[in-house]
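Read the structure below first, then the notes.
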Amino acid sequence: MAEAKTEVTIPRSVERLEPLITMVVKHPTEPNIRCLIASLAHLTNSQVAELHELFSYPLVRALKSTSSETVWIQCIAGLNIIIQPSKVVSWPMFRDIFTTLNVKLGTPEGKALPEISEEIKINVLKLNKLLLQRSDSELICVNFFNSNFIPAIGFSITLFLSFLEQERSRDLLLEVFKYLQYLMNPEDDKVKPLASSIASAFLPGISLSLTKFITRNPTIGHAVLAAAIETLKCLIVSVMRDDLTEWPSVDSPLVPKRSDSLIERNSEKLTLLFREVCDRYQSHWRCRLALVELSRDLMIHCRINLANNIPILLHCLLSHLSDDSKTVVNVAKKSLKLYQDISLKTKTQLDSMLHNELINVMKKLPEICAVSSQEEIIMKLKSLLGNLTFLQENSKGNQLLLSLVLKDNFTRGFLTVLRIDLSSIGILTQQSSGITKAHFNIKTNDTEKLVSGIYLPKKRFMYITDDLALSTVQDILRVIGRVCDISILIDDYLSYLHDKQELRLSAVYIINSVILGACQPGVHMEDKRVGCVGEVVLTYTDLLMSADLNEVPESSLEDMKSNAFLESLLLEGIGNCATYIGKEFDILIIRVIYPLLFKLSNNSLALISNSSYSALINIVTICGYGSLANFITDNVDYLVSDIFLKLRHINIHREAPSVLIVVLEYSNLDLIPYISHVIDYVLSILDTNQGRMDTELLLVCRAVVKMISQSVDVEQSQTTWEDDESPRTSLNRQKTITEYITQYHDLQTKEHNVSEHDSDSEEFGDKDPPSDSEKQLQDDTERIPLHISLTCSIISRCVSFMSSPLPQCRMVVLDTVVWSIKILSSRHNQLFPEVHHLWTPLIPRFSDSEPPVRLKAFDVLVCMAQHAKSFVSNRIGKDALPHIISFLSNQARVSYASHSSYIFSSSYKTQLYIIQYLFPLCRYLHLHWKQIHELCSTCLPYLSCKQPELLQSAVVECLTLFNSLHSDIVWSLLIKYSSVTLLPSIPKESDGNEYYCNVNKILNIE
């Protein structure tokens, strides 16, 4: 019954579809085709499969007869529905569909028609692939891969390869690669040998097109590039596999016969393509994974036929052993292990191959870096890194440098490759970032936090400009440090430190990187290696203090840059050595602390000072000092000894004052007893050798008083904080009011009794004169502290240097006086005599020829007025105010209607500073009203709207403050410029009164 029903159903379906089929053949329009496709949807898969030839005929005929793209789309969709459940066994049908689809897309020359839409091209590719999948294997072997049909296959391949050059659609390109992969490597094992034979005919063209596409389209997308690499792998494996001894014969001149000579020629030609593909660095991990899989499959399946290409493929696998992606690394490691197992079976030693490859790469590395692109350099370096990593994992790395050839190649190769580029002028122009005392007092073990915000130099190389390439080189050197006997390598490179500038820079950089690699966890520290690194530290410190780096008066710009960069590298190397040696580095501190602090004192080059700071941070962290201030304090005995010895020969060791300044800047009063004799010796040098290094020695004096002043301020602030009590705290201490009254009454009673006893003693003459012991005790209590006596000694020397012919020297002296006055502010017995001695040489500085000196002299004047007050009131009014009034009056005419660039001059800054401090000066001194009147009158010209804006604002603020205390004086001076109608009418600013606006602000007139 069921079979009878089926026999009846099919004819009825055919009868129902027959008019539609006829309609499509006669009128191949879109509605008719759509109606036919809709009718096909009502049939089962078995019905469609049985009548697929009948149903496909009108659609193929419609494709041939029309040029409408919408009709093509409908026809291709209908053919997909028909072929999907069917098994194509009819060669005429297959040939008709295949040729029609391909001819519609291209020209007779095999070029794609540009006017065809991407949607049609994608659908045609999918239908071609589906047609091959659903066709009978016998049909494919006998008819499709037939000598007569090879031109059609070639036309199809040429057409779709042209898409790689013309199209940018990723979906379209992916379909091209899928079609080519299936065409060259079909699923049916019966067809594969014949497909390989046919693929050999198209191997040159397809492989060349794929190589061009991979190398010239790095931004097309990782999925497309990975598919292209996979297609290339399928093609080559299909043609060149070892287990395929011969190809099935195809009677066609287009298909070559398999022979050893053909395999050899193909292998030689593929060598060039492999170098292009494998030496190209891919940015995405999926592309790199595809390269690894390409190398793996070719090394395993084509090991014999591609024997000449094994080094290139091995290089590709090695270059991905240090990849960022763990997936890529794991696949590369497994591939190498698999090849290693195969090589053992065939008596081929992989280790010897890797060693020879390592030597070859090191020989050619300088040439490669000089002429190759950065991508090729990256791949070569990554191959070298992978080689070293693989040998390390197989416990062969410790024997690497025992080979004299490899050691020599390694030494010369990296000296050439890592030649540092000194063309940047920024090496010398970058100023110090200002390492402050706050950096030295940070207590933490986080090295990154300690060096945060500190400028560290970026190293640039002549041949390696890519950051990834540089990172790979650093990884190589660190691997060498981990796995090799670094003492052999370091001895070679240390011999270059006294060679040419370029070579010694590269040598120091290599040594630093190797030692840093040896610091990695898991590396066994041998005594021999520690001793070798200790020798490096001593060599570096000797070179840092050598005359070649510190005394180059007539050196060229290139020499200056080279020396600066070399010092930076040496300092960085000392920090790396400290990291390597660990806490045992304490024994070397006596040798390195002085050079490091000397380089830290270099304020002109951030390259050197910040490198020294970074090295000090490493030492502090490794040795557990907690902070740099503690490091200096704990090792002050070493420093004081070195500094004092070098000060005795200051003409030779001119850096000694700079080191002493650093010690003083980052210490406190606790160090005064240790360095007081050094300061006394500095003062004696100033007394006996005036004119020689006066500025440097005066800078030491300024550092002393600055350190004392800051330390005293900190102690006073801490004492004030401890002594200040809130009312709540004092109330808690007094438990009850009764206890408070009782204690107060007892205290008053004791004081009354004592006073009565003293009066009785005086009445009867019982009071004895003080004894010698009491006098000695009184003298001890009144003894001047050491830091106060040092300050007095320093300020007394300032008197003779205040008139120095050197402006810088005068500036330092005036600044020293300011810090000294602040220290002596609470000790009038010492302050007033020093101020008296300083006053006479200070007066000429108010009219100094250098504006910065005049500004600093006024700063000293304000400081004296603040701390000496009435003691200098008359002196300032008599000697200093005339200079101030004269300067302000003269400069008011200069700044009036001046150019906008005037605000960058020293005179402008002096004007602004004096005006800002006029009111504090008068408040400290309690000047007479006539003097205040004269000062306010001097400020009036600055109220003009034609003065610089900041000067106007400063004068308005100054006169406003004067108005709050001496309103009558200010009012009498300003009323004639205001808008008040008590006096005759004054025009407004718009009418010509340029003082109108500022005067009203001072008098608060709206």
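Naming works like this for the structure tokens: A, B, ... for the chains as they're shown, residue 1 at the start of each chain, ligands 1 onward in shown order.
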message: Can you tell me which residues surround region 639-642 of chain A at a distance of at most 8 Å, considering only C-alpha atoms, apart from same-chain residues fewer than 3 positions away, and format the answer as a PyMOL selection string?
response: chain A and resi 593-594+635-636+645-646+674-675+678
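Distance-wise, CA of Asp879 (chain A) and CA of Ile843 (chain A) end up 6.9 Å apart.
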Give me, as JSON, numbers by chain, all polymer residues having an atom no more than 9 Å from Ile81 (chain A), counting only C-alpha atoms and skipping those fewer than 3 positions away in the same chain. {"A": [37, 40, 41, 48, 76, 77, 78, 84, 85]}
note - CA of Gln830 (chain A) and CA of His867 (chain A) are separated by 12.2 Å
